[in-house]
Amino acid sequence: MRLNLEGKVALVTGGSRGIGAAICRALAAEGVRVGLSYAASAEKAEAVAAGLARDFGVEAVALRAEFERPEEVVSLYDRLEARFGTVDILVNNAAHCPGGPLDSYTVAEWEKTFRVNVTAAFVACQEHVRRLLAAGRGGKIVNLASQAAFLGSTSGHLPYDASKGALISMTRAVAREVAGKGINVNAVAPGMVRTEMVADKLAANLPHYLSRIPLNRVAEPEDVANAVTFLASAAADYITGVTLDLTGGLLMR
């Protein structure tokens, strides 16, 4: 299978750790030049970028952006284009995920979650499409959703779950609008993934989580990264508007 990704340029939001860092590495392994955004983890982001250059011989740059500010999302494109040229691949991975029971959330927390998880992704999609059309090129968008958009979270993450449902709807709508322009738009909806965010939960009750997953293992960040890389590649040129379930069988439909 030919992925035909060598020499492409990708923007991976929230690329400094976890799933985002794994996506950066998977793309770089295919010869993609990577711009990765971060909000606070400058040292980690710079380390990821340096690792991509060292391990895969590709150009990579870490760029700070506060995703609550739409103008900073646009600025990411300005800075990345100045460095590498037109961005071919957008991976909307950055997310805010507050936790707690229903009555614990404030309206401000709800709105922040949607600004980061939905509005920033919308602005990035808008900017990505605008610049691809101006350059007369096709491209790819891959949005990171979650199985919680369909099932909800048993541990209580209502604003996050709702925002990921909105992201899935947006994926379909944008895909339909730009399908005739050579731009593919898809989403990946992972289940439980072994990251820093859930390390304590897994350590405390791993058998419980495994009992719900038919494949009997928790996903690694690389599992998600492989799916994203496929959807960003020429091998997925006839796929658009799809949300790919990546749950080890937890969600079957």
# chains A, B, ... in the order shown; residues from 1 in each chain; ligands from 1
>>> residues_around(residues="Ala50 of chain A", least_positions_apart="4", cutoff="9 Å", atoms="only C-alpha atoms", output="list in words")
Ala45, Glu46, Arg54, Asp55, Glu59, Ala60 and Val61 of chain A
>>> write_last_selection(atoms="C-alpha atoms", output="PDB file, in the first residue's frame")
ATOM      1  CA  ALA A  45       6.883  20.223  22.404  1.00  0.00           C
ATOM      2  CA  GLU A  46      10.442  21.227  21.540  1.00  0.00           C
ATOM      3  CA  ARG A  54      16.714  13.232  14.821  1.00  0.00           C
ATOM      4  CA  ASP A  55      14.828   9.961  14.339  1.00  0.00           C
ATOM      5  CA  GLU A  59      11.898  19.167   9.380  1.00  0.00           C
ATOM      6  CA  ALA A  60       9.713  19.857  12.399  1.00  0.00           C
ATOM      7  CA  VAL A  61       8.772  22.914  14.410  1.00  0.00           C
TER       8      VAL A  61
END
>>> residues_around(residues="His96 of chain A", least_positions_apart="3", cutoff="8 Å", atoms="only C-alpha atoms", output="list of chain:residue names")
A:Lys112, A:Thr113, A:Val116, A:Asn117, A:Tyr160
>>> select_by_dssp(residues="segment 3-250 of chain A", states="helix (DSSP H, G or I)", output="ChimeraX atom specification")
/A:18-29,42-56,70-84,102-104,107-135,148-151,158-181,196-211,221-231,234-236
>>> residues_around(residues="Ala219 of chain A", least_positions_apart="4", cutoff="7 Å", atoms="only C-alpha atoms", output="list in words")
Met192, Val193, Arg194 and Asp223 of chain A
>>> atom_distance(atom1="atom CA of Tyr77 of chain A", atom2="atom CA of Ser233 of chain A")
20.4 Å
>>> closest_atom_pairs(of="segment 170-233 of chain A", to="segment 24-35 of chain A", cutoff="8 Å", atoms="only C-alpha atoms", output="tab-separated table")
residue	atom	partner	partner_atom	distance
A:Glu222	CA	A:Ala26	CA	7.6
A:Ala225	CA	A:Ala26	CA	6.0
A:Asn226	CA	A:Ala26	CA	6.6
A:Thr229	CA	A:Leu27	CA	6.0
>>> write_last_selection(atoms="N, CA and C atoms", output="tab-separated table (two decimals), in the first residue's frame")
chain	number	residue	atom	x	y	z
A	222	GLU	N	-0.06	4.88	19.67
A	222	GLU	CA	0.36	4.51	18.32
A	222	GLU	C	-0.79	3.89	17.52
A	225	ALA	N	-2.52	6.85	16.19
A	225	ALA	CA	-1.65	7.50	15.22
A	225	ALA	C	-1.66	6.76	13.88
A	226	ASN	N	-1.69	5.45	13.91
A	226	ASN	CA	-1.71	4.68	12.67
A	226	ASN	C	-2.99	4.95	11.87
A	229	THR	N	-2.79	8.47	10.37
A	229	THR	CA	-1.85	8.51	9.25
A	229	THR	C	-2.48	7.90	8.00
>>> select_by_dssp(residues="segment 25-217 of chain A", states="strand (DSSP E)", output="PyMOL selection string")
chain A and resi 33-38+60-64+89-92+139-144+183-190
>>> residues_around(residues="segment 125-134 of chain A", least_positions_apart="2", cutoff="8 Å", atoms="only C-alpha atoms", output="MDAnalysis selection string")
chainID A and resid 74 77 86:88 90 121:123 136:139 141 181 183
>>> write_last_selection(atoms="N, CA and C atoms", output="mmCIF file, in the first residue's frame")
data_model
loop_
_atom_site.group_PDB
_atom_site.id
_atom_site.type_symbol
_atom_site.label_atom_id
_atom_site.label_comp_id
_atom_site.auth_asym_id
_atom_site.auth_seq_id
_atom_site.Cartn_x
_atom_site.Cartn_y
_atom_site.Cartn_z
ATOM 1 N N VAL A 74 -5.267 31.016 13.478
ATOM 2 C CA VAL A 74 -4.887 31.549 12.170
ATOM 3 C C VAL A 74 -3.383 31.812 12.122
ATOM 4 N N TYR A 77 -1.133 28.940 11.104
ATOM 5 C CA TYR A 77 -0.986 28.740 9.662
ATOM 6 C C TYR A 77 0.004 29.731 9.058
ATOM 7 N N THR A 86 2.603 25.604 1.886
ATOM 8 C CA THR A 86 1.197 25.223 2.103
ATOM 9 C C THR A 86 1.078 23.950 2.937
ATOM 10 N N VAL A 87 0.163 23.992 3.889
ATOM 11 C CA VAL A 87 -0.086 22.842 4.764
ATOM 12 C C VAL A 87 -1.031 21.879 4.049
ATOM 13 N N ASP A 88 -0.617 20.628 3.919
ATOM 14 C CA ASP A 88 -1.412 19.612 3.221
ATOM 15 C C ASP A 88 -2.381 18.886 4.151
ATOM 16 N N LEU A 90 -4.207 18.642 8.057
ATOM 17 C CA LEU A 90 -4.572 19.200 9.363
ATOM 18 C C LEU A 90 -5.069 18.083 10.259
ATOM 19 N N ALA A 121 -11.253 24.096 16.306
ATOM 20 C CA ALA A 121 -11.210 23.128 15.205
ATOM 21 C C ALA A 121 -11.922 23.681 13.975
ATOM 22 N N PHE A 122 -13.034 24.377 14.193
ATOM 23 C CA PHE A 122 -13.743 25.023 13.082
ATOM 24 C C PHE A 122 -12.855 26.058 12.391
ATOM 25 N N VAL A 123 -12.204 26.903 13.173
ATOM 26 C CA VAL A 123 -11.338 27.933 12.594
ATOM 27 C C VAL A 123 -10.183 27.284 11.833
ATOM 28 N N GLY A 136 -4.748 25.991 -5.015
ATOM 29 C CA GLY A 136 -5.179 25.067 -6.062
ATOM 30 C C GLY A 136 -4.794 23.632 -5.775
ATOM 31 N N ARG A 137 -4.861 23.248 -4.501
ATOM 32 C CA ARG A 137 -4.419 21.905 -4.100
ATOM 33 C C ARG A 137 -5.498 21.206 -3.289
ATOM 34 N N GLY A 138 -5.432 19.874 -3.297
ATOM 35 C CA GLY A 138 -6.254 19.079 -2.406
ATOM 36 C C GLY A 138 -5.532 18.872 -1.090
ATOM 37 N N GLY A 139 -6.191 18.229 -0.151
ATOM 38 C CA GLY A 139 -5.554 17.981 1.138
ATOM 39 C C GLY A 139 -6.426 17.124 2.032
ATOM 40 N N ILE A 141 -8.059 16.533 6.181
ATOM 41 C CA ILE A 141 -8.338 16.940 7.553
ATOM 42 C C ILE A 141 -8.739 15.687 8.323
ATOM 43 N N LYS A 181 -13.775 19.300 -4.058
ATOM 44 C CA LYS A 181 -12.603 20.167 -4.208
ATOM 45 C C LYS A 181 -11.301 19.447 -3.859
ATOM 46 N N ILE A 183 -10.602 17.685 -1.152
ATOM 47 C CA ILE A 183 -10.237 17.742 0.267
ATOM 48 C C ILE A 183 -11.056 16.698 1.014
#
>>> atom_distance(atom1="atom CA of Gly20 of chain A", atom2="atom CA of Ala42 of chain A")
14.0 Å
>>> decode(residues="segment 30-88 of chain A", atoms="C-alpha atoms", output="PDB file, in the first residue's frame")
ATOM      1  CA  GLU A  30       6.345   8.575   6.405  1.00  0.00           C
ATOM      2  CA  GLY A  31       8.456  11.614   5.510  1.00  0.00           C
ATOM      3  CA  VAL A  32       5.967  14.332   6.497  1.00  0.00           C
ATOM      4  CA  ARG A  33       7.265  17.713   7.677  1.00  0.00           C
ATOM      5  CA  VAL A  34       5.450  18.505  10.905  1.00  0.00           C
ATOM      6  CA  GLY A  35       4.326  21.628  12.689  1.00  0.00           C
ATOM      7  CA  LEU A  36       3.004  20.801  16.140  1.00  0.00           C
ATOM      8  CA  SER A  37       1.141  23.218  18.352  1.00  0.00           C
ATOM      9  CA  TYR A  38       1.215  23.424  22.127  1.00  0.00           C
ATOM     10  CA  ALA A  39      -0.347  25.677  24.748  1.00  0.00           C
ATOM     11  CA  ALA A  40       1.811  25.253  27.849  1.00  0.00           C
ATOM     12  CA  SER A  41       4.230  22.334  27.415  1.00  0.00           C
ATOM     13  CA  ALA A  42       7.003  24.199  25.575  1.00  0.00           C
ATOM     14  CA  GLU A  43       9.804  21.906  26.727  1.00  0.00           C
ATOM     15  CA  LYS A  44       7.895  18.753  25.751  1.00  0.00           C
ATOM     16  CA  ALA A  45       6.883  20.223  22.404  1.00  0.00           C
ATOM     17  CA  GLU A  46      10.442  21.227  21.540  1.00  0.00           C
ATOM     18  CA  ALA A  47      11.615  17.741  22.537  1.00  0.00           C
ATOM     19  CA  VAL A  48       9.054  16.132  20.221  1.00  0.00           C
ATOM     20  CA  ALA A  49      10.105  18.365  17.317  1.00  0.00           C
ATOM     21  CA  ALA A  50      13.788  17.638  17.936  1.00  0.00           C
ATOM     22  CA  GLY A  51      13.037  13.917  18.100  1.00  0.00           C
ATOM     23  CA  LEU A  52      11.275  13.972  14.728  1.00  0.00           C
ATOM     24  CA  ALA A  53      14.287  15.596  13.105  1.00  0.00           C
ATOM     25  CA  ARG A  54      16.714  13.232  14.821  1.00  0.00           C
ATOM     26  CA  ASP A  55      14.828   9.961  14.339  1.00  0.00           C
ATOM     27  CA  PHE A  56      13.236  10.486  10.931  1.00  0.00           C
ATOM     28  CA  GLY A  57      15.302  13.194   9.269  1.00  0.00           C
ATOM     29  CA  VAL A  58      12.323  15.484   8.654  1.00  0.00           C
ATOM     30  CA  GLU A  59      11.898  19.167   9.380  1.00  0.00           C
ATOM     31  CA  ALA A  60       9.713  19.857  12.399  1.00  0.00           C
ATOM     32  CA  VAL A  61       8.772  22.914  14.410  1.00  0.00           C
ATOM     33  CA  ALA A  62       6.892  23.476  17.675  1.00  0.00           C
ATOM     34  CA  LEU A  63       4.552  26.483  17.688  1.00  0.00           C
ATOM     35  CA  ARG A  64       2.765  27.942  20.695  1.00  0.00           C
ATOM     36  CA  ALA A  65      -0.920  28.787  20.336  1.00  0.00           C
ATOM     37  CA  GLU A  66      -3.705  29.405  22.834  1.00  0.00           C
ATOM     38  CA  PHE A  67      -6.719  27.663  21.330  1.00  0.00           C
ATOM     39  CA  GLU A  68      -9.215  29.778  23.220  1.00  0.00           C
ATOM     40  CA  ARG A  69      -8.189  32.606  20.858  1.00  0.00           C
ATOM     41  CA  PRO A  70      -9.251  32.088  17.210  1.00  0.00           C
ATOM     42  CA  GLU A  71      -6.651  34.563  15.958  1.00  0.00           C
ATOM     43  CA  GLU A  72      -3.886  32.346  17.346  1.00  0.00           C
ATOM     44  CA  VAL A  73      -5.185  29.409  15.302  1.00  0.00           C
ATOM     45  CA  VAL A  74      -4.887  31.549  12.170  1.00  0.00           C
ATOM     46  CA  SER A  75      -1.415  32.615  13.287  1.00  0.00           C
ATOM     47  CA  LEU A  76      -0.355  28.957  13.398  1.00  0.00           C
ATOM     48  CA  TYR A  77      -0.986  28.740   9.662  1.00  0.00           C
ATOM     49  CA  ASP A  78       0.875  31.979   8.970  1.00  0.00           C
ATOM     50  CA  ARG A  79       3.941  30.791  10.869  1.00  0.00           C
ATOM     51  CA  LEU A  80       3.914  27.255   9.504  1.00  0.00           C
ATOM     52  CA  GLU A  81       3.441  28.402   5.893  1.00  0.00           C
ATOM     53  CA  ALA A  82       6.332  30.837   6.279  1.00  0.00           C
ATOM     54  CA  ARG A  83       8.501  27.890   7.311  1.00  0.00           C
ATOM     55  CA  PHE A  84       7.325  25.011   5.114  1.00  0.00           C
ATOM     56  CA  GLY A  85       4.820  26.338   2.560  1.00  0.00           C
ATOM     57  CA  THR A  86       1.197  25.223   2.103  1.00  0.00           C
ATOM     58  CA  VAL A  87      -0.086  22.842   4.764  1.00  0.00           C
ATOM     59  CA  ASP A  88      -1.412  19.612   3.221  1.00  0.00           C
TER      60      ASP A  88
END
